[in-house]
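Next comes input.txt, with compact mmCIF, C-alpha atoms.
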# COMPACT_ATOMS: atom_id res chain seq x y z
CA MET A 1 15.44 -4.79 11.45
CA ILE A 2 15.70 -5.45 15.25
CA SER A 3 17.96 -2.42 15.70
CA ASP A 4 15.50 -0.25 13.75
CA ILE A 5 12.65 -1.37 16.01
CA ARG A 6 14.71 -0.64 19.14
CA ILE A 7 15.39 2.91 17.92
CA ILE A 8 11.73 3.50 17.11
CA LEU A 9 10.58 2.04 20.44
CA LYS A 10 13.04 4.23 22.36
CA LYS A 11 11.80 7.38 20.66
CA TRP A 12 8.17 6.36 21.23
CA VAL A 13 8.82 5.72 24.94
CA ASN A 14 10.65 9.04 25.23
CA CYS A 15 7.60 10.78 23.81
CA LEU A 16 5.45 9.10 26.44
CA LEU A 17 7.84 9.90 29.31
CA GLN A 18 7.86 13.56 28.26
CA ASN A 19 4.05 13.52 28.17
CA LYS A 20 4.10 14.04 24.40
CA VAL A 21 1.17 11.75 23.94
CA GLY A 22 -0.12 13.62 20.93
CA THR A 23 1.11 13.71 17.35
CA ASN A 24 4.78 12.79 17.94
CA SER A 25 3.96 9.74 20.04
CA PHE A 26 1.38 8.52 17.55
CA GLU A 27 3.73 8.98 14.60
CA TRP A 28 6.46 6.89 16.24
CA PHE A 29 3.91 4.20 17.08
CA GLN A 30 2.73 4.20 13.45
CA LEU A 31 6.31 3.85 12.22
CA LEU A 32 6.88 0.93 14.59
CA ILE A 33 3.86 -0.93 13.22
CA PHE A 34 4.93 -0.02 9.67
CA LYS A 35 8.43 -1.46 10.21
CA ILE A 36 7.13 -4.68 11.77
CA GLY A 37 4.61 -5.17 8.95
CA ASP A 38 7.29 -4.62 6.32
CA ASP A 39 9.45 -7.33 7.86
CA PHE A 40 6.70 -9.95 8.02
CA LEU A 41 5.71 -9.61 4.37
CA THR A 42 8.00 -10.79 1.57
CA HIS A 43 8.97 -8.54 -1.29
CA LYS A 44 6.76 -10.67 -3.51
CA GLU A 45 3.74 -10.25 -1.24
CA ILE A 46 4.20 -6.50 -1.08
CA ILE A 47 4.45 -5.98 -4.85
CA LEU A 48 1.58 -8.34 -5.65
CA SER A 49 -0.62 -6.69 -3.01
CA GLY A 50 0.22 -3.27 -4.40
CA ILE A 51 -0.58 -4.36 -7.94
CA ALA A 52 -3.89 -5.75 -6.68
CA LEU A 53 -4.70 -2.30 -5.19
CA LYS A 54 -4.49 -3.66 -1.64
CA SER A 55 -2.97 -2.00 1.42
CA THR A 56 0.75 -2.56 2.01
CA PRO A 57 3.04 -1.65 4.95
CA ARG A 58 5.20 0.34 2.53
CA LEU A 59 4.96 1.31 -1.10
CA PRO A 60 6.13 -1.37 -3.54
CA LEU A 61 9.45 -0.62 -5.24
CA VAL A 62 10.75 -1.79 -8.61
CA ILE A 63 13.98 -1.20 -10.52
CA LEU A 64 12.69 -1.44 -14.09
CA SER A 65 14.55 -4.20 -16.01
CA SER A 66 18.05 -2.60 -16.19
CA GLY A 67 19.97 -5.71 -17.21
CA VAL A 68 22.66 -3.58 -18.88
CA TRP A 69 23.18 -1.73 -15.56
CA ILE A 70 23.47 -4.95 -13.55
CA PHE A 71 25.95 -6.61 -15.87
CA TYR A 72 27.99 -3.46 -16.53
CA ARG A 73 28.58 -3.25 -12.76
CA ASN A 74 30.06 -6.74 -13.00
CA GLY A 75 32.12 -6.15 -16.14
CA LEU A 76 29.78 -8.24 -18.30
CA THR A 77 28.01 -7.68 -21.62
CA LEU A 78 24.59 -9.03 -22.45
CA GLN A 79 26.33 -11.61 -24.67
CA ASP A 80 28.22 -12.85 -21.61
CA THR A 81 24.90 -13.70 -19.94
CA PHE A 82 24.20 -16.17 -22.74
CA GLU A 83 27.62 -17.79 -22.56
CA CYS A 84 28.67 -17.76 -18.90
CA PRO A 85 27.57 -20.61 -16.62
CA PRO A 86 23.99 -19.98 -15.47
CA GLU A 87 25.10 -20.34 -11.85
CA LYS A 88 27.46 -17.36 -12.25
CA ILE A 89 24.80 -15.12 -13.82
CA ALA A 90 22.23 -16.17 -11.23
CA GLU A 91 24.65 -15.32 -8.43
CA CYS A 92 25.36 -11.96 -10.05
CA MET A 93 21.66 -11.10 -10.22
CA ILE A 94 20.90 -12.23 -6.68
CA ASN A 95 23.87 -10.35 -5.23
CA ASN A 96 22.94 -7.20 -7.13
CA ASN A 97 19.38 -7.32 -5.84
CA ASN A 98 20.58 -7.89 -2.29
CA GLU A 99 22.00 -4.36 -2.63
CA ALA A 100 19.25 -2.83 -4.76
CA ASN A 101 16.31 -4.37 -2.86
CA SER A 102 13.87 -4.31 -5.79
CA ASP A 103 10.64 -6.22 -5.20
CA ILE A 104 10.97 -7.66 -8.73
CA ILE A 105 14.02 -9.42 -10.15
CA TRP A 106 13.98 -9.26 -13.93
CA MET A 107 15.06 -12.43 -15.72
CA GLY A 108 16.47 -12.06 -19.21
CA ALA A 109 16.61 -8.32 -18.52
CA ASP A 110 17.26 -6.22 -21.64
CA CYS A 111 17.63 -9.38 -23.74
CA GLY A 112 14.34 -9.17 -25.65
CA ASN A 113 16.11 -9.06 -29.02
CA LEU A 114 17.33 -12.59 -28.36
CA ALA A 115 13.92 -13.80 -29.55
CA LEU A 116 14.64 -12.12 -32.89
CA ARG A 117 18.13 -13.60 -33.12
CA ALA A 118 16.64 -17.03 -32.47
CA ILE A 119 14.43 -16.72 -35.56
CA GLY A 120 17.23 -15.43 -37.78
CA ALA A 121 17.82 -11.72 -37.12
CA LYS A 122 21.33 -10.30 -36.92
CA CYS A 123 21.73 -8.71 -33.50
CA THR A 124 24.58 -7.30 -31.43
CA PHE A 125 24.78 -7.98 -27.69
CA ASN A 126 28.52 -7.73 -27.00
CA ALA A 127 29.07 -4.01 -26.38
CA LEU A 128 29.90 -3.38 -22.70
CA GLY A 129 27.39 -1.04 -21.10
CA GLU A 130 25.22 -0.93 -24.23
CA ALA A 131 21.76 -2.24 -25.06
CA SER A 132 21.41 -4.80 -27.82
CA THR A 133 20.71 -3.78 -31.40
CA VAL A 134 19.01 -5.36 -34.40
CA ASP A 135 21.56 -4.74 -37.13
CA GLU A 136 19.33 -5.13 -40.19
CA PRO A 137 15.64 -5.81 -40.84
CA LEU A 138 14.63 -9.43 -41.03
CA VAL A 139 11.27 -8.61 -42.61
CA LEU A 140 10.99 -6.39 -45.70
CA LYS A 141 7.35 -7.06 -46.51
CA PRO A 142 4.52 -8.51 -44.39
CA SER A 143 4.50 -11.89 -46.12
CA ASP A 144 8.13 -12.44 -45.04
CA VAL A 145 6.94 -13.42 -41.55
CA ASP A 146 5.47 -16.59 -43.08
CA LYS A 147 9.02 -17.86 -43.58
CA LEU A 148 9.91 -17.48 -39.91
CA LYS A 149 9.51 -20.25 -37.34
CA ILE A 150 8.58 -19.33 -33.80
CA GLU A 151 9.51 -22.84 -32.70
CA ASP A 152 13.16 -21.90 -33.31
CA LEU A 153 13.11 -20.25 -29.88
CA GLU A 154 13.21 -23.75 -28.40
CA ASN A 155 16.44 -24.49 -30.30
CA SER A 156 18.34 -21.41 -29.09
CA LEU A 157 21.20 -22.42 -26.80
CA GLU A 158 21.58 -18.80 -25.73
CA LEU A 159 17.96 -18.61 -24.66
CA GLU A 160 18.34 -21.96 -22.93
CA ASN A 161 21.14 -20.42 -20.84
CA LEU A 162 18.84 -17.59 -19.74
CA LEU A 163 16.10 -20.06 -18.86
CA LYS A 164 18.50 -22.13 -16.74
CA THR A 165 19.56 -18.94 -14.97
CA THR A 166 15.90 -18.19 -14.31
CA GLN A 167 15.35 -21.65 -12.81
CA ILE A 168 18.30 -21.19 -10.43
CA VAL A 169 17.13 -17.76 -9.28
CA ALA A 170 13.58 -19.07 -8.82
CA GLU A 171 14.83 -21.94 -6.66
CA ARG A 172 17.00 -19.70 -4.49
CA VAL A 173 14.91 -16.54 -3.99
CA GLY A 174 11.63 -17.09 -5.83
CA ASN A 175 9.68 -17.29 -2.58
CA GLU A 176 10.99 -13.91 -1.42
CA PHE A 177 11.05 -11.89 -4.66
CA LEU A 178 8.73 -11.75 -7.65
CA LEU A 179 10.50 -12.86 -10.83
CA GLY A 180 9.59 -10.91 -13.96
CA ASN A 181 10.34 -11.07 -17.66
CA SER A 182 10.09 -8.22 -20.13
CA GLN A 183 9.75 -8.54 -23.89
CA TRP A 184 8.88 -6.05 -26.60
CA GLY A 185 5.13 -5.75 -27.15
CA PRO A 186 3.73 -6.79 -30.56
CA PHE A 187 3.93 -3.34 -32.18
CA THR A 188 7.52 -2.72 -31.08
CA LEU A 189 8.51 -6.29 -32.00
CA ALA A 190 7.16 -5.54 -35.46
CA GLY A 191 9.37 -2.45 -35.58
CA GLN A 192 12.40 -4.48 -34.54
CA LEU A 193 11.68 -6.97 -37.31
CA MET A 194 10.92 -4.45 -40.06
CA GLY A 195 12.79 -1.30 -39.08
CA MET A 196 11.00 1.77 -37.78
CA GLU A 197 10.47 3.51 -41.13
CA ASN A 198 9.04 0.40 -42.77
CA LEU A 199 6.81 -0.17 -39.73
CA MET A 200 5.33 3.32 -40.02
CA VAL A 201 4.82 3.15 -43.78
CA THR A 202 3.15 -0.27 -43.52
CA THR A 203 0.98 0.90 -40.62
CA LEU A 204 -0.29 3.87 -42.63
CA LYS A 205 -0.57 2.32 -46.08
CA ASP A 206 -1.11 -1.43 -45.64
CA LYS A 207 -3.48 -2.15 -42.77
CA PRO A 208 -3.99 -5.85 -43.63
CA GLY A 209 -0.22 -6.20 -43.94
CA ILE A 210 0.57 -4.69 -40.54
CA GLN A 211 -2.13 -6.83 -38.93
CA HIS A 212 -0.50 -9.92 -40.47
CA VAL A 213 2.86 -8.93 -38.97
CA LEU A 214 1.30 -8.17 -35.58
CA GLU A 215 -0.42 -11.54 -35.47
CA PHE A 216 3.03 -13.09 -35.88
CA THR A 217 4.76 -10.89 -33.31
CA GLU A 218 2.06 -11.60 -30.73
CA ARG A 219 2.67 -15.33 -31.14
CA LEU A 220 6.42 -14.72 -30.83
CA LEU A 221 5.87 -12.70 -27.66
CA LEU A 222 3.62 -15.35 -26.11
CA LYS A 223 6.07 -18.15 -26.93
CA TYR A 224 8.92 -16.22 -25.33
CA TRP A 225 6.87 -15.42 -22.23
CA ASN A 226 5.71 -18.99 -21.81
CA LEU A 227 9.27 -20.31 -21.86
CA PHE A 228 10.18 -17.97 -19.00
CA ILE A 229 7.00 -18.76 -17.10
CA ASP A 230 7.87 -22.45 -17.32
CA ALA A 231 11.26 -21.56 -15.81
CA GLY A 232 9.77 -19.71 -12.83
CA VAL A 233 8.71 -16.20 -13.90
CA GLU A 234 5.42 -14.95 -12.39
CA LEU A 235 5.09 -11.45 -13.88
CA VAL A 236 5.41 -10.49 -17.54
CA ASN A 237 5.91 -7.07 -19.07
CA GLN A 238 5.30 -5.64 -22.51
CA ALA A 239 7.80 -2.90 -23.37
CA GLU A 240 6.26 -0.69 -26.05
CA PRO A 241 8.53 2.25 -26.93
CA MET A 242 7.10 2.33 -30.47
CA SER A 243 3.68 3.02 -28.94
CA SER A 244 4.95 6.22 -27.34
CA GLY A 245 3.04 9.45 -27.85
CA ASN A 246 6.38 10.80 -29.06
CA VAL A 247 6.30 8.30 -31.94
CA ILE A 248 2.68 7.67 -32.99
CA SER A 249 -0.62 9.47 -32.61
CA ALA A 250 -3.29 8.45 -30.12
CA LYS A 251 -5.43 7.40 -33.09
CA ILE A 252 -2.79 5.02 -34.47
CA PHE A 253 -2.20 3.64 -30.98
CA LYS A 254 -5.90 2.92 -30.49
CA GLU A 255 -6.34 1.32 -33.90
CA THR A 256 -3.07 -0.59 -34.24
CA ALA A 257 -1.04 -1.14 -31.07
CA PHE A 258 -3.73 -1.18 -28.38
CA PRO A 259 -5.71 -4.24 -29.63
CA TRP A 260 -2.59 -6.41 -29.67
CA ILE A 261 -1.36 -5.27 -26.26
CA LYS A 262 -4.76 -6.24 -24.88
CA SER A 263 -4.86 -9.51 -26.82
CA ALA A 264 -1.43 -10.61 -25.53
CA ASN A 265 -2.38 -9.77 -21.93
CA LYS A 266 -5.62 -11.69 -22.24
CA ALA A 267 -3.87 -14.71 -23.76
CA ILE A 268 -1.27 -14.96 -20.98
CA SER A 269 -3.48 -14.02 -18.02
CA LYS A 270 -4.12 -17.56 -16.76
CA ARG A 271 -0.42 -18.40 -16.66
CA THR A 272 0.93 -15.45 -14.69
CA LYS A 273 0.24 -13.64 -11.43
CA ALA A 274 0.53 -10.17 -12.92
CA LYS A 275 0.91 -8.35 -16.25
CA MET A 276 2.77 -5.08 -16.69
CA LEU A 277 3.03 -2.57 -19.52
CA HIS A 278 5.76 0.03 -20.06
CA ILE A 279 5.47 2.69 -22.75
CA CYS A 280 8.28 5.20 -23.14
CA GLY A 281 7.75 8.90 -23.61
CA ASN A 282 4.62 10.95 -23.10
CA THR A 283 1.52 8.76 -22.86
CA THR A 284 -0.80 11.39 -21.40
CA ARG A 285 -3.15 11.30 -24.41
CA ILE A 286 -3.72 7.55 -24.13
CA LEU A 287 -3.98 7.14 -20.35
CA ASP A 288 -7.74 6.57 -20.61
CA LEU A 289 -7.07 3.48 -22.73
CA ILE A 290 -4.47 1.89 -20.46
CA PRO A 291 -6.93 0.28 -17.98
CA LEU A 292 -8.64 -1.33 -20.99
CA THR A 293 -5.46 -3.17 -22.05
CA GLU A 294 -6.02 -5.76 -19.28
CA THR A 295 -2.65 -4.89 -17.80
CA ASP A 296 -2.30 -4.88 -14.01
CA LEU A 297 0.55 -2.39 -13.66
CA PHE A 298 1.36 0.51 -15.99
CA SER A 299 4.91 1.85 -15.91
CA LEU A 300 5.06 5.58 -16.62
CA ASP A 301 7.90 7.42 -18.29
CA TYR A 302 9.22 10.49 -16.50
CA GLN A 303 7.54 12.66 -19.17
CA VAL A 304 4.08 11.93 -17.72
CA ASP A 305 2.75 14.09 -14.88
CA LEU A 306 2.03 11.82 -11.90
CA LYS A 307 -0.89 13.95 -10.80
CA ILE A 308 -2.58 13.50 -14.17
CA ALA A 309 -1.80 9.78 -14.14
CA ARG A 310 -3.36 9.50 -10.71
CA GLU A 311 -6.54 11.21 -11.91
CA LYS A 312 -6.82 8.87 -14.90
CA LEU A 313 -5.71 5.56 -13.36
CA SER A 314 -6.43 5.66 -9.63
CA GLY A 315 -8.58 2.76 -8.50
CA LYS A 316 -8.57 1.19 -11.96
CA ILE A 317 -5.07 -0.30 -12.26
CA ALA A 318 -1.77 0.05 -10.46
CA PHE A 319 0.76 2.46 -11.93
CA GLY A 320 4.42 3.16 -11.33
CA GLY A 321 7.15 5.69 -12.10
CA ASN A 322 8.22 8.24 -12.87
CA LEU A 323 11.63 9.21 -11.51
CA ASN A 324 13.87 10.52 -14.28
CA PRO A 325 16.50 7.77 -14.73
CA THR A 326 19.13 10.16 -16.06
CA SER A 327 18.81 13.61 -14.46
CA ILE A 328 17.73 12.19 -11.07
CA ILE A 329 18.92 8.59 -10.63
CA LEU A 330 22.19 8.87 -12.58
CA GLU A 331 23.20 12.50 -12.13
CA GLY A 332 21.52 13.46 -8.87
CA THR A 333 22.98 13.29 -5.38
CA PRO A 334 21.45 10.92 -2.82
CA GLU A 335 19.72 13.97 -1.31
CA ASP A 336 18.31 14.96 -4.74
CA ILE A 337 16.99 11.43 -5.14
CA LYS A 338 15.42 11.43 -1.69
CA ILE A 339 13.60 14.69 -2.45
CA ALA A 340 12.41 13.49 -5.88
CA THR A 341 11.29 10.12 -4.53
CA THR A 342 9.38 11.74 -1.68
CA LYS A 343 7.70 14.08 -4.16
CA CYS A 344 6.55 11.11 -6.25
CA ILE A 345 5.25 9.31 -3.17
CA PHE A 346 3.12 12.23 -2.05
CA GLU A 347 1.85 13.00 -5.55
CA ALA A 348 0.74 9.43 -6.18
CA GLY A 349 1.09 7.69 -2.81
CA HIS A 350 -2.05 5.66 -2.49
CA LYS A 351 -3.17 2.10 -3.07
CA GLY A 352 -1.82 0.90 -6.39
CA TYR A 353 1.22 3.16 -6.72
CA VAL A 354 4.64 1.54 -7.26
CA VAL A 355 7.83 3.60 -6.92
CA MET A 356 10.17 3.05 -9.87
CA PRO A 357 12.36 4.94 -12.33
CA GLY A 358 10.64 6.13 -15.50
CA CYS A 359 12.68 3.69 -17.62
CA ASP A 360 15.85 1.56 -17.46
CA ILE A 361 18.51 3.22 -15.33
CA PRO A 362 21.76 4.06 -17.17
CA PRO A 363 24.63 1.56 -16.83
CA LYS A 364 26.92 3.97 -14.94
CA THR A 365 24.36 4.65 -12.19
CA LYS A 366 25.91 4.33 -8.73
CA MET A 367 24.42 1.78 -6.38
CA GLU A 368 24.33 4.43 -3.63
CA ASN A 369 21.93 6.45 -5.79
CA VAL A 370 19.65 3.45 -6.24
CA GLN A 371 19.83 2.79 -2.52
CA ALA A 372 18.85 6.40 -1.80
CA MET A 373 15.58 5.78 -3.64
CA VAL A 374 15.10 2.45 -1.87
CA ASP A 375 15.85 3.84 1.59
CA THR A 376 13.42 6.70 1.05
CA VAL A 377 10.64 4.27 0.21
CA HIS A 378 11.48 1.94 3.11
CA HIS A 379 11.48 4.79 5.63
CA THR A 380 8.45 6.73 4.43
CA PHE A 381 5.24 6.07 6.32
CA ILE A 382 2.24 7.33 4.37
CA GLY A 383 -0.55 6.38 6.70
CA CYS A 384 -3.35 3.90 6.22
CA ARG A 385 -3.53 3.06 2.57
Here is a file; write its structure as structure tokens.
Amino acid sequence: MISDIRIILKKWVNCLLQNKVGTNSFEWFQLLIFKIGDDFLTHKEIILSGIALKSTPRLPLVILSSGVWIFYRNGLTLQDTFECPPEKIAECMINNNNEANSDIIWMGADCGNLALRAIGAKCTFNALGEASTVDEPLVLKPSDVDKLKIEDLENSLELENLLKTTQIVAERVGNEFLLGNSQWGPFTLAGQLMGMENLMVTTLKDKPGIQHVLEFTERLLLKYWNLFIDAGVELVNQAEPMSSGNVISAKIFKETAFPWIKSANKAISKRTKAKMLHICGNTTRILDLIPLTETDLFSLDYQVDLKIAREKLSGKIAFGGNLNPTSIILEGTPEDIKIATTKCIFEAGHKGYVVMPGCDIPPKTKMENVQAMVDTVHHTFIGCR
């Protein structure tokens, strides 16, 4: 940071010595103040200020979840994170973020299905570079949830390992970085329990039945969140791919998924500093409803136009995205990523915007590509925000 300031000061002084006291001089002075402000605020302070729609010295930056990416880089599967010593996994996560520089470190990243395994579901976590899968439905009819015990989460040794990892990371870097935890939202959790086809049929033909299942999945979500909050997490996220506009209509979202997203956010609000919501796919038709979910930060998929999102969400809640994680972050060159990131910043660069990929980044993504996005954010001055 000192070397950066010296370079900026030298260029500012040169502008003055050459009597360039106009635009160039002012821009270098702005960048100097920007760099100093960035250094005096922690990553946690910057992301929380951005979420609260306050001015920040730079735009907040988040690598969305991406546990599979982190552990693939270290030759580990998700199953390994349950079985390896928590100290090893904590060190892996801290070291990775020292390179990636995300304002949020995600604890239990990509391990949401562990909550389902804890209550009896058959899940696979041991494929290198692959997300976990639920191998067969645990719930065939709505009344089946009555046989399941949410308290079984407390008896899961695998979950206990993740919670110990969270405690270690919180102790070491929790003052500098915001720790987050992501879990499926109630509607998607219901789909993971029942299978997608059964979820859709029940949603359309058995409204009392789907509400019974959603009441259960909300309690499961809240239990899971609370365990991580007790371990040191300060932001929680609902991941709702089943609520995508590519999967259900806006009408079904409003009637079925939306009330439970809002209910879960309301229930957890006193225990966390911020609440986030990510919905995959095209959510353009439901953007008007998002500020009503009581979420603080909405994560946009790359399929949503940032300009439209800005029109719908600006000044109401923070929003983030929407860099394409595959065609840009994985397959692009660092220069491609710089151009795309800059485009996002100037399409949505105002109070409340958070730079992030539109979804989890693929496991084979190069760190230099992630760093190209990070460096662009850290060296882009966008004026008084």
| request: Determine the nearest neighbour of Phe319 of chain A from the options A:Gly352, A:Pro137, A:Pro186, A:Gly332, counting all atoms listed in the file. | output: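 Result for the nearest residue to Phe319 of chain A: A:Gly352.
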| Closest to Asp80 of chain A among A:Ala257, A:Val68, A:Ile252, A:Ala100, using only C-alpha atoms? | A:Val68
| Restricting the calculation to only C-alpha atoms, which member of A:Ser182, A:Gln167, A:Asn101, A:Thr295 is positioned closest to Ser65 of chain A? |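 So, comparing all the options, the nearest one is A:Ser182.
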| task | Select, from A:Asn97, A:Ile89, A:Glu136, A:Asn324, the residue with the minimum atom-to-atom distance to Cys123 of chain A, counting all atoms listed in the file. | result |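 Among the listed residues, A:Glu136 lies closest to Cys123 of chain A.
A straight line drawn from atom CA of Val355 of chain A to atom CA of Asn226 of chain A is 27.1 Å long.
Using all atoms listed in the file for every distance, the candidate list A:Pro363, A:Asn322, A:Thr188, A:Ala239 yields A:Pro363 as the residue closest to Ala127 of chain A.
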| request: Using only C-alpha atoms, find the one residue out of A:Pro241, A:Lys273, A:Asn126, A:Lys251 that sits nearest to Met196 of chain A. | output: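 The closest residue to Met196 of chain A is A:Pro241.
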| said: One decimal, in Å: what's the spacing between atom CA of Glu154 of chain A and atom CA of Glu218 of chain A? | reply: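 Atom-to-atom, atom CA of Glu154 of chain A to atom CA of Glu218 of chain A, that is 16.7 Å.
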| field | Gap from atom CA of Lys207 of chain A to atom CA of Thr256 of chain A - Å, one decimal | value |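 Distance reported for this atom pair: 8.7 Å.
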Report, as AutoDock Vina command-line options, the centre and edge lengths in Å (one decimal) of the axis-aligned box enclosing every listed atom of segment 242-258 of chain A, padded by 6 Å on each side.
--center_x 0.4 --center_y 4.8 --center_z -30.9 --size_x 25.4 --size_y 24.0 --size_z 19.1
| query | Excluding same-chain residues fewer than 2 positions from Ile47 of chain A, what lies within 8 Å of it counting all atoms listed in the file, as an MDAnalysis selection string? | reply | chainID A and resid 43:45 49:51 60:61 103:104 178 354
| message | So that I can see what lies close to Ala250 of chain A, please list as number ranges by chain the residues with an atom at most 8 Å from it, counting only C-alpha atoms and leaving out residues fewer than 3 positions away in the same chain. | response | A: 245, 253-254, 285-286
Excluding Glu171 of chain A and any residue of its chain fewer than 2 positions from it, enumerate the residues within 12 Å of it, using only C-alpha atoms, and give them as a PDB file with C-alpha atoms, in the frame of the given file.
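And here is the file that came out, result-v4.pdb:
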ATOM      1  CA  GLU A  87      25.100 -20.340 -11.850  1.00  0.00           C
ATOM      2  CA  ALA A  90      22.230 -16.170 -11.230  1.00  0.00           C
ATOM      3  CA  GLU A  91      24.650 -15.320  -8.430  1.00  0.00           C
ATOM      4  CA  ILE A  94      20.900 -12.230  -6.680  1.00  0.00           C
ATOM      5  CA  LYS A 164      18.500 -22.130 -16.740  1.00  0.00           C
ATOM      6  CA  THR A 165      19.560 -18.940 -14.970  1.00  0.00           C
ATOM      7  CA  THR A 166      15.900 -18.190 -14.310  1.00  0.00           C
ATOM      8  CA  GLN A 167      15.350 -21.650 -12.810  1.00  0.00           C
ATOM      9  CA  ILE A 168      18.300 -21.190 -10.430  1.00  0.00           C
ATOM     10  CA  VAL A 169      17.130 -17.760  -9.280  1.00  0.00           C
ATOM     11  CA  VAL A 173      14.910 -16.540  -3.990  1.00  0.00           C
ATOM     12  CA  GLY A 174      11.630 -17.090  -5.830  1.00  0.00           C
ATOM     13  CA  ASN A 175       9.680 -17.290  -2.580  1.00  0.00           C
ATOM     14  CA  GLU A 176      10.990 -13.910  -1.420  1.00  0.00           C
ATOM     15  CA  PHE A 177      11.050 -11.890  -4.660  1.00  0.00           C
ATOM     16  CA  LEU A 178       8.730 -11.750  -7.650  1.00  0.00           C
ATOM     17  CA  LEU A 179      10.500 -12.860 -10.830  1.00  0.00           C
ATOM     18  CA  ALA A 231      11.260 -21.560 -15.810  1.00  0.00           C
ATOM     19  CA  GLY A 232       9.770 -19.710 -12.830  1.00  0.00           C
ATOM     20  CA  VAL A 233       8.710 -16.200 -13.900  1.00  0.00           C
TER      21      VAL A 233
END
Would you mind completing segment 283-294 of chain A to N, CA and C atoms and writing the output as a PDB file, keeping the file's coordinate frame?
ATOM      1  N   THR A 283       2.721   9.553 -22.574  1.00  0.00           N
ATOM      2  CA  THR A 283       1.520   8.760 -22.860  1.00  0.00           C
ATOM      3  C   THR A 283       0.255   9.422 -22.320  1.00  0.00           C
ATOM      4  N   THR A 284       0.332  10.697 -22.017  1.00  0.00           N
ATOM      5  CA  THR A 284      -0.800  11.390 -21.400  1.00  0.00           C
ATOM      6  C   THR A 284      -2.074  11.238 -22.231  1.00  0.00           C
ATOM      7  N   ARG A 285      -1.956  11.333 -23.543  1.00  0.00           N
ATOM      8  CA  ARG A 285      -3.150  11.300 -24.410  1.00  0.00           C
ATOM      9  C   ARG A 285      -3.808   9.932 -24.501  1.00  0.00           C
ATOM     10  N   ILE A 286      -3.128   8.889 -24.048  1.00  0.00           N
ATOM     11  CA  ILE A 286      -3.720   7.550 -24.130  1.00  0.00           C
ATOM     12  C   ILE A 286      -3.965   6.921 -22.762  1.00  0.00           C
ATOM     13  N   LEU A 287      -3.808   7.700 -21.698  1.00  0.00           N
ATOM     14  CA  LEU A 287      -3.980   7.140 -20.350  1.00  0.00           C
ATOM     15  C   LEU A 287      -5.358   6.529 -20.143  1.00  0.00           C
ATOM     16  N   ASP A 288      -6.382   7.113 -20.765  1.00  0.00           N
ATOM     17  CA  ASP A 288      -7.740   6.570 -20.610  1.00  0.00           C
ATOM     18  C   ASP A 288      -7.856   5.149 -21.161  1.00  0.00           C
ATOM     19  N   LEU A 289      -7.003   4.816 -22.115  1.00  0.00           N
ATOM     20  CA  LEU A 289      -7.070   3.480 -22.730  1.00  0.00           C
ATOM     21  C   LEU A 289      -6.303   2.426 -21.944  1.00  0.00           C
ATOM     22  N   ILE A 290      -5.358   2.848 -21.124  1.00  0.00           N
ATOM     23  CA  ILE A 290      -4.470   1.890 -20.460  1.00  0.00           C
ATOM     24  C   ILE A 290      -5.224   0.881 -19.589  1.00  0.00           C
ATOM     25  N   PRO A 291      -6.212   1.282 -18.772  1.00  0.00           N
ATOM     26  CA  PRO A 291      -6.930   0.280 -17.980  1.00  0.00           C
ATOM     27  C   PRO A 291      -7.674  -0.748 -18.836  1.00  0.00           C
ATOM     28  N   LEU A 292      -7.912  -0.418 -20.091  1.00  0.00           N
ATOM     29  CA  LEU A 292      -8.640  -1.330 -20.990  1.00  0.00           C
ATOM     30  C   LEU A 292      -7.719  -2.356 -21.647  1.00  0.00           C
ATOM     31  N   THR A 293      -6.412  -2.232 -21.437  1.00  0.00           N
ATOM     32  CA  THR A 293      -5.460  -3.170 -22.050  1.00  0.00           C
ATOM     33  C   THR A 293      -5.374  -4.492 -21.289  1.00  0.00           C
ATOM     34  N   GLU A 294      -6.069  -4.587 -20.167  1.00  0.00           N
ATOM     35  CA  GLU A 294      -6.020  -5.760 -19.280  1.00  0.00           C
ATOM     36  C   GLU A 294      -4.636  -5.950 -18.661  1.00  0.00           C
TER      37      GLU A 294
END
